[in-house]
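*Asks:* One file: structure-v4.cif (mmCIF, N, CA and C atoms).
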data_coords
loop_
_atom_site.group_PDB
_atom_site.id
_atom_site.type_symbol
_atom_site.label_atom_id
_atom_site.label_comp_id
_atom_site.auth_asym_id
_atom_site.auth_seq_id
_atom_site.Cartn_x
_atom_site.Cartn_y
_atom_site.Cartn_z
ATOM 1 N N MET A 16 0.814 -1.202 0.000
ATOM 2 C CA MET A 16 0.000 0.000 0.000
ATOM 3 C C MET A 16 0.851 1.257 0.000
ATOM 4 N N ASP A 17 2.172 1.134 -0.046
ATOM 5 C CA ASP A 17 3.040 2.299 -0.032
ATOM 6 C C ASP A 17 2.902 3.151 -1.282
ATOM 7 N N HIS A 18 2.544 2.540 -2.411
ATOM 8 C CA HIS A 18 2.433 3.270 -3.671
ATOM 9 C C HIS A 18 1.109 4.018 -3.809
ATOM 10 N N MET A 19 0.210 3.882 -2.857
ATOM 11 C CA MET A 19 -1.118 4.494 -2.950
ATOM 12 C C MET A 19 -1.076 5.960 -2.543
ATOM 13 N N SER A 20 -1.873 6.746 -3.231
ATOM 14 C CA SER A 20 -2.014 8.147 -2.847
ATOM 15 C C SER A 20 -2.767 8.213 -1.518
ATOM 16 N N PRO A 21 -2.597 9.291 -0.780
ATOM 17 C CA PRO A 21 -3.346 9.435 0.478
ATOM 18 C C PRO A 21 -4.856 9.361 0.265
ATOM 19 N N ARG A 22 -5.315 9.894 -0.846
ATOM 20 C CA ARG A 22 -6.751 9.884 -1.133
ATOM 21 C C ARG A 22 -7.255 8.461 -1.371
ATOM 22 N N LEU A 23 -6.491 7.670 -2.121
ATOM 23 C CA LEU A 23 -6.871 6.279 -2.368
ATOM 24 C C LEU A 23 -6.826 5.490 -1.064
ATOM 25 N N ARG A 24 -5.801 5.699 -0.285
ATOM 26 C CA ARG A 24 -5.673 5.008 1.002
ATOM 27 C C ARG A 24 -6.875 5.329 1.899
ATOM 28 N N ALA A 25 -7.288 6.586 1.936
ATOM 29 C CA ALA A 25 -8.439 6.988 2.751
ATOM 30 C C ALA A 25 -9.721 6.328 2.250
ATOM 31 N N PHE A 26 -9.892 6.272 0.933
ATOM 32 C CA PHE A 26 -11.097 5.675 0.362
ATOM 33 C C PHE A 26 -11.171 4.188 0.688
ATOM 34 N N LEU A 27 -10.029 3.515 0.647
ATOM 35 C CA LEU A 27 -9.990 2.070 0.887
ATOM 36 C C LEU A 27 -10.011 1.704 2.370
ATOM 37 N N SER A 28 -9.933 2.685 3.234
ATOM 38 C CA SER A 28 -9.821 2.407 4.661
ATOM 39 C C SER A 28 -11.135 1.995 5.313
ATOM 40 N N GLU A 29 -12.259 2.158 4.613
ATOM 41 C CA GLU A 29 -13.557 1.844 5.222
ATOM 42 C C GLU A 29 -14.606 1.623 4.133
ATOM 43 N N PRO A 30 -15.750 1.060 4.501
ATOM 44 C CA PRO A 30 -16.844 0.895 3.531
ATOM 45 C C PRO A 30 -17.299 2.243 2.950
ATOM 46 N N ILE A 31 -17.923 2.194 1.803
ATOM 47 C CA ILE A 31 -18.344 3.418 1.107
ATOM 48 C C ILE A 31 -19.413 4.188 1.881
ATOM 49 N N ARG A 32 -20.391 3.479 2.393
ATOM 50 C CA ARG A 32 -21.529 4.098 3.084
ATOM 51 C C ARG A 32 -22.145 5.212 2.231
ATOM 52 N N GLU A 33 -22.224 6.412 2.754
ATOM 53 C CA GLU A 33 -22.888 7.532 2.071
ATOM 54 C C GLU A 33 -21.889 8.571 1.556
ATOM 55 N N LYS A 34 -20.664 8.151 1.255
ATOM 56 C CA LYS A 34 -19.654 9.100 0.790
ATOM 57 C C LYS A 34 -20.081 9.723 -0.536
ATOM 58 N N ASP A 35 -19.813 11.009 -0.667
ATOM 59 C CA ASP A 35 -20.070 11.698 -1.930
ATOM 60 C C ASP A 35 -19.122 11.180 -2.999
ATOM 61 N N VAL A 36 -19.484 11.355 -4.241
ATOM 62 C CA VAL A 36 -18.705 10.819 -5.358
ATOM 63 C C VAL A 36 -17.292 11.399 -5.405
ATOM 64 N N ASP A 37 -17.099 12.604 -4.898
ATOM 65 C CA ASP A 37 -15.754 13.193 -4.951
ATOM 66 C C ASP A 37 -14.771 12.566 -3.971
ATOM 67 N N TRP A 38 -15.214 11.604 -3.162
ATOM 68 C CA TRP A 38 -14.305 10.823 -2.322
ATOM 69 C C TRP A 38 -13.514 9.823 -3.149
ATOM 70 N N VAL A 39 -14.043 9.445 -4.310
ATOM 71 C CA VAL A 39 -13.372 8.456 -5.166
ATOM 72 C C VAL A 39 -12.086 9.072 -5.704
ATOM 73 N N ASP A 40 -10.983 8.361 -5.539
ATOM 74 C CA ASP A 40 -9.701 8.845 -6.047
ATOM 75 C C ASP A 40 -9.804 9.050 -7.556
ATOM 76 N N GLY A 41 -9.326 10.186 -8.021
ATOM 77 C CA GLY A 41 -9.366 10.502 -9.443
ATOM 78 C C GLY A 41 -10.531 11.384 -9.848
ATOM 79 N N ILE A 42 -11.489 11.587 -8.963
ATOM 80 C CA ILE A 42 -12.648 12.420 -9.287
ATOM 81 C C ILE A 42 -12.358 13.856 -8.847
ATOM 82 N N SER A 43 -12.122 14.719 -9.824
ATOM 83 C CA SER A 43 -11.875 16.134 -9.545
ATOM 84 C C SER A 43 -13.187 16.841 -9.216
ATOM 85 N N HIS A 44 -13.081 18.058 -8.756
ATOM 86 C CA HIS A 44 -14.277 18.851 -8.451
ATOM 87 C C HIS A 44 -15.141 19.021 -9.706
ATOM 88 N N GLU A 45 -14.505 19.321 -10.830
ATOM 89 C CA GLU A 45 -15.243 19.527 -12.082
ATOM 90 C C GLU A 45 -15.936 18.238 -12.543
ATOM 91 N N LEU A 46 -15.218 17.128 -12.453
ATOM 92 C CA LEU A 46 -15.818 15.846 -12.844
ATOM 93 C C LEU A 46 -16.951 15.477 -11.893
ATOM 94 N N ALA A 47 -16.782 15.760 -10.609
ATOM 95 C CA ALA A 47 -17.843 15.479 -9.637
ATOM 96 C C ALA A 47 -19.115 16.236 -9.996
ATOM 97 N N ILE A 48 -18.982 17.472 -10.413
ATOM 98 C CA ILE A 48 -20.151 18.261 -10.822
ATOM 99 C C ILE A 48 -20.841 17.586 -12.002
ATOM 100 N N ASN A 49 -20.061 17.157 -13.000
ATOM 101 C CA ASN A 49 -20.639 16.464 -14.156
ATOM 102 C C ASN A 49 -21.349 15.185 -13.734
ATOM 103 N N LEU A 50 -20.721 14.418 -12.839
ATOM 104 C CA LEU A 50 -21.321 13.170 -12.377
ATOM 105 C C LEU A 50 -22.617 13.426 -11.602
ATOM 106 N N VAL A 51 -22.605 14.424 -10.739
ATOM 107 C CA VAL A 51 -23.794 14.743 -9.947
ATOM 108 C C VAL A 51 -24.956 15.124 -10.868
ATOM 109 N N THR A 52 -24.683 15.905 -11.906
ATOM 110 C CA THR A 52 -25.767 16.307 -12.820
ATOM 111 C C THR A 52 -26.335 15.114 -13.582
ATOM 112 N N LYS A 53 -25.563 14.033 -13.676
ATOM 113 C CA LYS A 53 -26.027 12.812 -14.340
ATOM 114 C C LYS A 53 -26.587 11.785 -13.357
ATOM 115 N N GLY A 54 -26.696 12.185 -12.071
ATOM 116 C CA GLY A 54 -27.302 11.316 -11.077
ATOM 117 C C GLY A 54 -26.330 10.471 -10.277
ATOM 118 N N PHE A 55 -25.042 10.668 -10.466
ATOM 119 C CA PHE A 55 -24.014 9.905 -9.745
ATOM 120 C C PHE A 55 -23.451 10.743 -8.603
ATOM 121 N N ASN A 56 -24.291 11.054 -7.634
ATOM 122 C CA ASN A 56 -23.875 11.932 -6.539
ATOM 123 C C ASN A 56 -23.167 11.200 -5.407
ATOM 124 N N LYS A 57 -23.313 9.900 -5.316
ATOM 125 C CA LYS A 57 -22.693 9.117 -4.252
ATOM 126 C C LYS A 57 -21.694 8.128 -4.834
ATOM 127 N N ALA A 58 -20.674 7.831 -4.045
ATOM 128 C CA ALA A 58 -19.644 6.885 -4.478
ATOM 129 C C ALA A 58 -20.250 5.512 -4.761
ATOM 130 N N TYR A 59 -21.238 5.096 -3.961
ATOM 131 C CA TYR A 59 -21.826 3.783 -4.180
ATOM 132 C C TYR A 59 -22.605 3.708 -5.495
ATOM 133 N N ILE A 60 -23.107 4.823 -5.978
ATOM 134 C CA ILE A 60 -23.806 4.830 -7.266
ATOM 135 C C ILE A 60 -22.790 4.667 -8.389
ATOM 136 N N LEU A 61 -21.652 5.341 -8.281
ATOM 137 C CA LEU A 61 -20.582 5.176 -9.268
ATOM 138 C C LEU A 61 -20.040 3.750 -9.215
ATOM 139 N N LEU A 62 -19.901 3.195 -8.023
ATOM 140 C CA LEU A 62 -19.477 1.803 -7.884
ATOM 141 C C LEU A 62 -20.479 0.883 -8.571
ATOM 142 N N GLY A 63 -21.756 1.179 -8.440
ATOM 143 C CA GLY A 63 -22.785 0.387 -9.112
ATOM 144 C C GLY A 63 -22.599 0.374 -10.618
ATOM 145 N N GLN A 64 -22.257 1.513 -11.186
ATOM 146 C CA GLN A 64 -21.993 1.585 -12.630
ATOM 147 C C GLN A 64 -20.795 0.705 -12.991
ATOM 148 N N PHE A 65 -19.753 0.758 -12.168
ATOM 149 C CA PHE A 65 -18.568 -0.064 -12.373
ATOM 150 C C PHE A 65 -18.930 -1.550 -12.315
ATOM 151 N N LEU A 66 -19.770 -1.918 -11.368
ATOM 152 C CA LEU A 66 -20.191 -3.311 -11.246
ATOM 153 C C LEU A 66 -21.086 -3.744 -12.407
ATOM 154 N N LEU A 67 -21.947 -2.843 -12.876
ATOM 155 C CA LEU A 67 -22.785 -3.157 -14.043
ATOM 156 C C LEU A 67 -21.939 -3.440 -15.277
ATOM 157 N N MET A 68 -20.752 -2.871 -15.307
ATOM 158 C CA MET A 68 -19.818 -3.108 -16.409
ATOM 159 C C MET A 68 -18.897 -4.287 -16.105
ATOM 160 N N HIS A 69 -19.328 -5.105 -15.131
ATOM 161 C CA HIS A 69 -18.610 -6.339 -14.759
ATOM 162 C C HIS A 69 -17.168 -6.064 -14.344
ATOM 163 N N LYS A 70 -16.954 -4.932 -13.682
ATOM 164 C CA LYS A 70 -15.626 -4.516 -13.201
ATOM 165 C C LYS A 70 -14.597 -4.438 -14.333
ATOM 166 N N ASN A 71 -15.081 -4.168 -15.530
ATOM 167 C CA ASN A 71 -14.207 -4.017 -16.699
ATOM 168 C C ASN A 71 -13.672 -2.586 -16.702
ATOM 169 N N GLU A 72 -12.401 -2.453 -16.343
ATOM 170 C CA GLU A 72 -11.820 -1.114 -16.214
ATOM 171 C C GLU A 72 -11.819 -0.344 -17.529
ATOM 172 N N ALA A 73 -11.489 -0.997 -18.625
ATOM 173 C CA ALA A 73 -11.439 -0.311 -19.925
ATOM 174 C C ALA A 73 -12.821 0.217 -20.318
ATOM 175 N N GLU A 74 -13.837 -0.589 -20.101
ATOM 176 C CA GLU A 74 -15.198 -0.163 -20.432
ATOM 177 C C GLU A 74 -15.639 0.997 -19.543
ATOM 178 N N PHE A 75 -15.334 0.907 -18.251
ATOM 179 C CA PHE A 75 -15.686 1.981 -17.327
ATOM 180 C C PHE A 75 -14.963 3.271 -17.702
ATOM 181 N N GLN A 76 -13.683 3.168 -18.025
ATOM 182 C CA GLN A 76 -12.902 4.349 -18.399
ATOM 183 C C GLN A 76 -13.473 5.000 -19.648
ATOM 184 N N LYS A 77 -13.823 4.197 -20.630
ATOM 185 C CA LYS A 77 -14.422 4.743 -21.856
ATOM 186 C C LYS A 77 -15.726 5.461 -21.529
ATOM 187 N N TRP A 78 -16.549 4.848 -20.688
ATOM 188 C CA TRP A 78 -17.829 5.442 -20.310
ATOM 189 C C TRP A 78 -17.636 6.772 -19.585
ATOM 190 N N ILE A 79 -16.749 6.808 -18.593
ATOM 191 C CA ILE A 79 -16.610 8.026 -17.785
ATOM 192 C C ILE A 79 -15.971 9.155 -18.600
ATOM 193 N N ILE A 80 -15.153 8.807 -19.591
ATOM 194 C CA ILE A 80 -14.579 9.826 -20.483
ATOM 195 C C ILE A 80 -15.655 10.342 -21.427
ATOM 196 N N CYS A 81 -16.326 9.430 -22.108
ATOM 197 C CA CYS A 81 -17.312 9.818 -23.135
ATOM 198 C C CYS A 81 -18.563 10.460 -22.557
ATOM 199 N N CYS A 82 -19.082 9.898 -21.488
ATOM 200 C CA CYS A 82 -20.372 10.340 -20.963
ATOM 201 C C CYS A 82 -20.280 11.410 -19.871
ATOM 202 N N CYS A 83 -19.136 11.484 -19.218
ATOM 203 C CA CYS A 83 -19.040 12.380 -18.064
ATOM 204 C C CYS A 83 -17.931 13.418 -18.171
ATOM 205 N N GLY A 84 -17.115 13.343 -19.218
ATOM 206 C CA GLY A 84 -16.087 14.346 -19.438
ATOM 207 C C GLY A 84 -14.812 14.169 -18.638
ATOM 208 N N ALA A 85 -14.534 12.946 -18.188
ATOM 209 C CA ALA A 85 -13.296 12.696 -17.439
ATOM 210 C C ALA A 85 -12.092 12.753 -18.369
ATOM 211 N N THR A 86 -10.958 13.103 -17.808
ATOM 212 C CA THR A 86 -9.705 12.989 -18.544
ATOM 213 C C THR A 86 -9.261 11.528 -18.482
ATOM 214 N N GLU A 87 -8.270 11.162 -19.299
ATOM 215 C CA GLU A 87 -7.764 9.795 -19.246
ATOM 216 C C GLU A 87 -7.182 9.481 -17.875
ATOM 217 N N CYS A 88 -6.492 10.438 -17.294
ATOM 218 C CA CYS A 88 -5.907 10.250 -15.961
ATOM 219 C C CYS A 88 -7.000 10.041 -14.914
ATOM 220 N N GLU A 89 -8.043 10.863 -14.941
ATOM 221 C CA GLU A 89 -9.160 10.716 -14.005
ATOM 222 C C GLU A 89 -9.834 9.363 -14.176
ATOM 223 N N ALA A 90 -10.031 8.967 -15.430
ATOM 224 C CA ALA A 90 -10.674 7.686 -15.716
ATOM 225 C C ALA A 90 -9.847 6.528 -15.162
ATOM 226 N N ARG A 91 -8.554 6.581 -15.395
ATOM 227 C CA ARG A 91 -7.661 5.515 -14.931
ATOM 228 C C ARG A 91 -7.633 5.463 -13.401
ATOM 229 N N GLN A 92 -7.479 6.612 -12.766
ATOM 230 C CA GLN A 92 -7.421 6.648 -11.298
ATOM 231 C C GLN A 92 -8.728 6.188 -10.667
ATOM 232 N N SER A 93 -9.851 6.638 -11.195
ATOM 233 C CA SER A 93 -11.134 6.270 -10.588
ATOM 234 C C SER A 93 -11.444 4.790 -10.783
ATOM 235 N N SER A 94 -11.117 4.236 -11.950
ATOM 236 C CA SER A 94 -11.376 2.812 -12.153
ATOM 237 C C SER A 94 -10.465 1.971 -11.267
ATOM 238 N N THR A 95 -9.230 2.396 -11.086
ATOM 239 C CA THR A 95 -8.311 1.688 -10.187
ATOM 240 C C THR A 95 -8.830 1.748 -8.755
ATOM 241 N N CYS A 96 -9.306 2.898 -8.344
ATOM 242 C CA CYS A 96 -9.844 3.073 -7.002
ATOM 243 C C CYS A 96 -11.021 2.122 -6.765
ATOM 244 N N LEU A 97 -11.946 2.072 -7.699
ATOM 245 C CA LEU A 97 -13.114 1.208 -7.543
ATOM 246 C C LEU A 97 -12.718 -0.268 -7.584
ATOM 247 N N LYS A 98 -11.772 -0.619 -8.447
ATOM 248 C CA LYS A 98 -11.284 -1.999 -8.518
ATOM 249 C C LYS A 98 -10.644 -2.406 -7.193
ATOM 250 N N GLU A 99 -9.822 -1.540 -6.642
ATOM 251 C CA GLU A 99 -9.163 -1.831 -5.371
ATOM 252 C C GLU A 99 -10.170 -1.922 -4.226
ATOM 253 N N TRP A 100 -11.188 -1.068 -4.251
ATOM 254 C CA TRP A 100 -12.217 -1.124 -3.213
ATOM 255 C C TRP A 100 -12.946 -2.470 -3.288
ATOM 256 N N CYS A 101 -13.260 -2.907 -4.498
ATOM 257 C CA CYS A 101 -13.924 -4.213 -4.681
ATOM 258 C C CYS A 101 -13.056 -5.339 -4.140
ATOM 259 N N ALA A 102 -11.766 -5.268 -4.395
ATOM 260 C CA ALA A 102 -10.846 -6.302 -3.913
ATOM 261 C C ALA A 102 -10.815 -6.341 -2.385
ATOM 262 N N CYS A 103 -10.994 -5.205 -1.753
ATOM 263 C CA CYS A 103 -10.951 -5.137 -0.286
ATOM 264 C C CYS A 103 -12.274 -5.519 0.371
ATOM 265 N N PHE A 104 -13.387 -5.186 -0.276
ATOM 266 C CA PHE A 104 -14.687 -5.291 0.419
ATOM 267 C C PHE A 104 -15.678 -6.259 -0.202
ATOM 268 N N LEU A 105 -15.446 -6.753 -1.397
ATOM 269 C CA LEU A 105 -16.413 -7.699 -1.997
ATOM 270 C C LEU A 105 -15.877 -9.105 -1.953
#
Can I see the file as structure tokens?
*Replies:*
Amino acid sequence: MDHMSPRLRAFLSEPIREKDVDWVDGISHELAINLVTKGFNKAYILLGQFLLMHKNEAEFQKWIICCCGATECEARQSSTCLKEWCACFL
């Protein structure tokens, strides 16, 4: 876990519960606004989208870039964050 950013480490330290979507590592303030306007206001809702895509990181990254305006870096970081959370809690 030494290679993890502080934000990723914090996200993985506990269950999602009612955390806002901007708790997800890689989600900037601007991207969070875009996600909220599309109904993804909570981290668990974004996780649900990731799970609906069968935890396929490439598919999730394409979706969050095309549909929500994420950068490639944001897409990569957020999919990694959700994948790591699944590995810890599912």
*Asks:* For CA of Ala90 (chain A) and atom N of Arg32 (chain A), quote the distance in Å rounded to one decimal.
*Replies:* 21.0 Å
*Asks:* With distances taken over only C-alpha atoms, which residue among A:Gly63, A:Ala58, A:Glu74, A:Cys103 lies nearest Ile42 (chain A)?
*Replies:*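 Under the stated criterion, the closest residue is A:Ala58.
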*Asks:* Name the residues of chain A that come out as helix (DSSP H, G or I) in a backbone DSSP run; write them as number ranges by chain.
*Replies:* A: 21-27, 36-38, 44-52, 58-67, 72-83, 87-104
*Asks:* So, with only N, CA and C atoms as the atoms that count, which of A:Ala73, A:Leu62, A:Ile31, A:Cys83 lies closest to Leu50 (chain A)?
*Replies:*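 Among the listed residues, the smallest separation from Leu50 (chain A) belongs to A:Cys83.
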*Asks:* Can you translate the PyMOL selection byres ((chain A and resi 27) around 8) into the concrete residues it hits in this file, as a list in words?
*Replies:*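 Matching residues under the PyMOL selection byres ((chain A and resi 27) around 8) are Pro21, Arg22, Leu23, Arg24, Ala25, Phe26, Ser28, Glu29, Pro30, Ile31, Asp40, Cys96, Glu99, Trp100 and Cys103 of chain A.
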*Asks:* Report, in Å to a single decimal, how far apart CA of Glu33 (chain A) and CA of His18 (chain A) are.
*Replies:*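 Separating CA of His18 (chain A) from CA of Glu33 (chain A) is a distance of 26.3 Å.
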*Asks:* Which one of A:Ala85, A:Val36, A:Ile80, A:Ala47 sits closest to Leu61 (chain A) if you count only N, CA and C atoms?
*Replies:*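 Residue with the minimum atom-to-atom distance to Leu61 (chain A): A:Val36.
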*Asks:* Please report the interatomic distance between atom C of Asn71 (chain A) and atom N of Gln92 (chain A) in Å with one decimal.
*Replies:*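 These two atoms are separated by 11.8 Å.
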*Asks:* So, with all atoms listed in the file as the atoms that count, which of A:Lys98, A:Lys34, A:Trp78, A:Met19 lies closest to Ile60 (chain A)?
*Replies:* A:Lys34
*Asks:* Closest to Ser93 (chain A) among A:Tyr59, A:Gly41, A:Lys77, A:Gln64, using all atoms listed in the file?
*Replies:*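 Among A:Tyr59, A:Gly41, A:Lys77, A:Gln64, it is A:Gly41 that comes nearest to Ser93 (chain A).
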*Asks:* Smallest atom-to-atom distance to His44 (chain A): which of A:Cys101, A:Glu89, A:His69, A:Cys82, using only C-alpha atoms?
*Replies:*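 Ranked by minimum distance to His44 (chain A), first place goes to A:Glu89.
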*Asks:* So for region 53-56 of chain A, what box centre and size do we get, axis-aligned, 8 Å extra on each of the six sides, every listed atom, Å to one decimal, as JSON?
*Replies:*
{"center_x": -25.2, "center_y": 12.0, "center_z": -9.9, "size_x": 20.1, "size_y": 20.1, "size_z": 24.9}
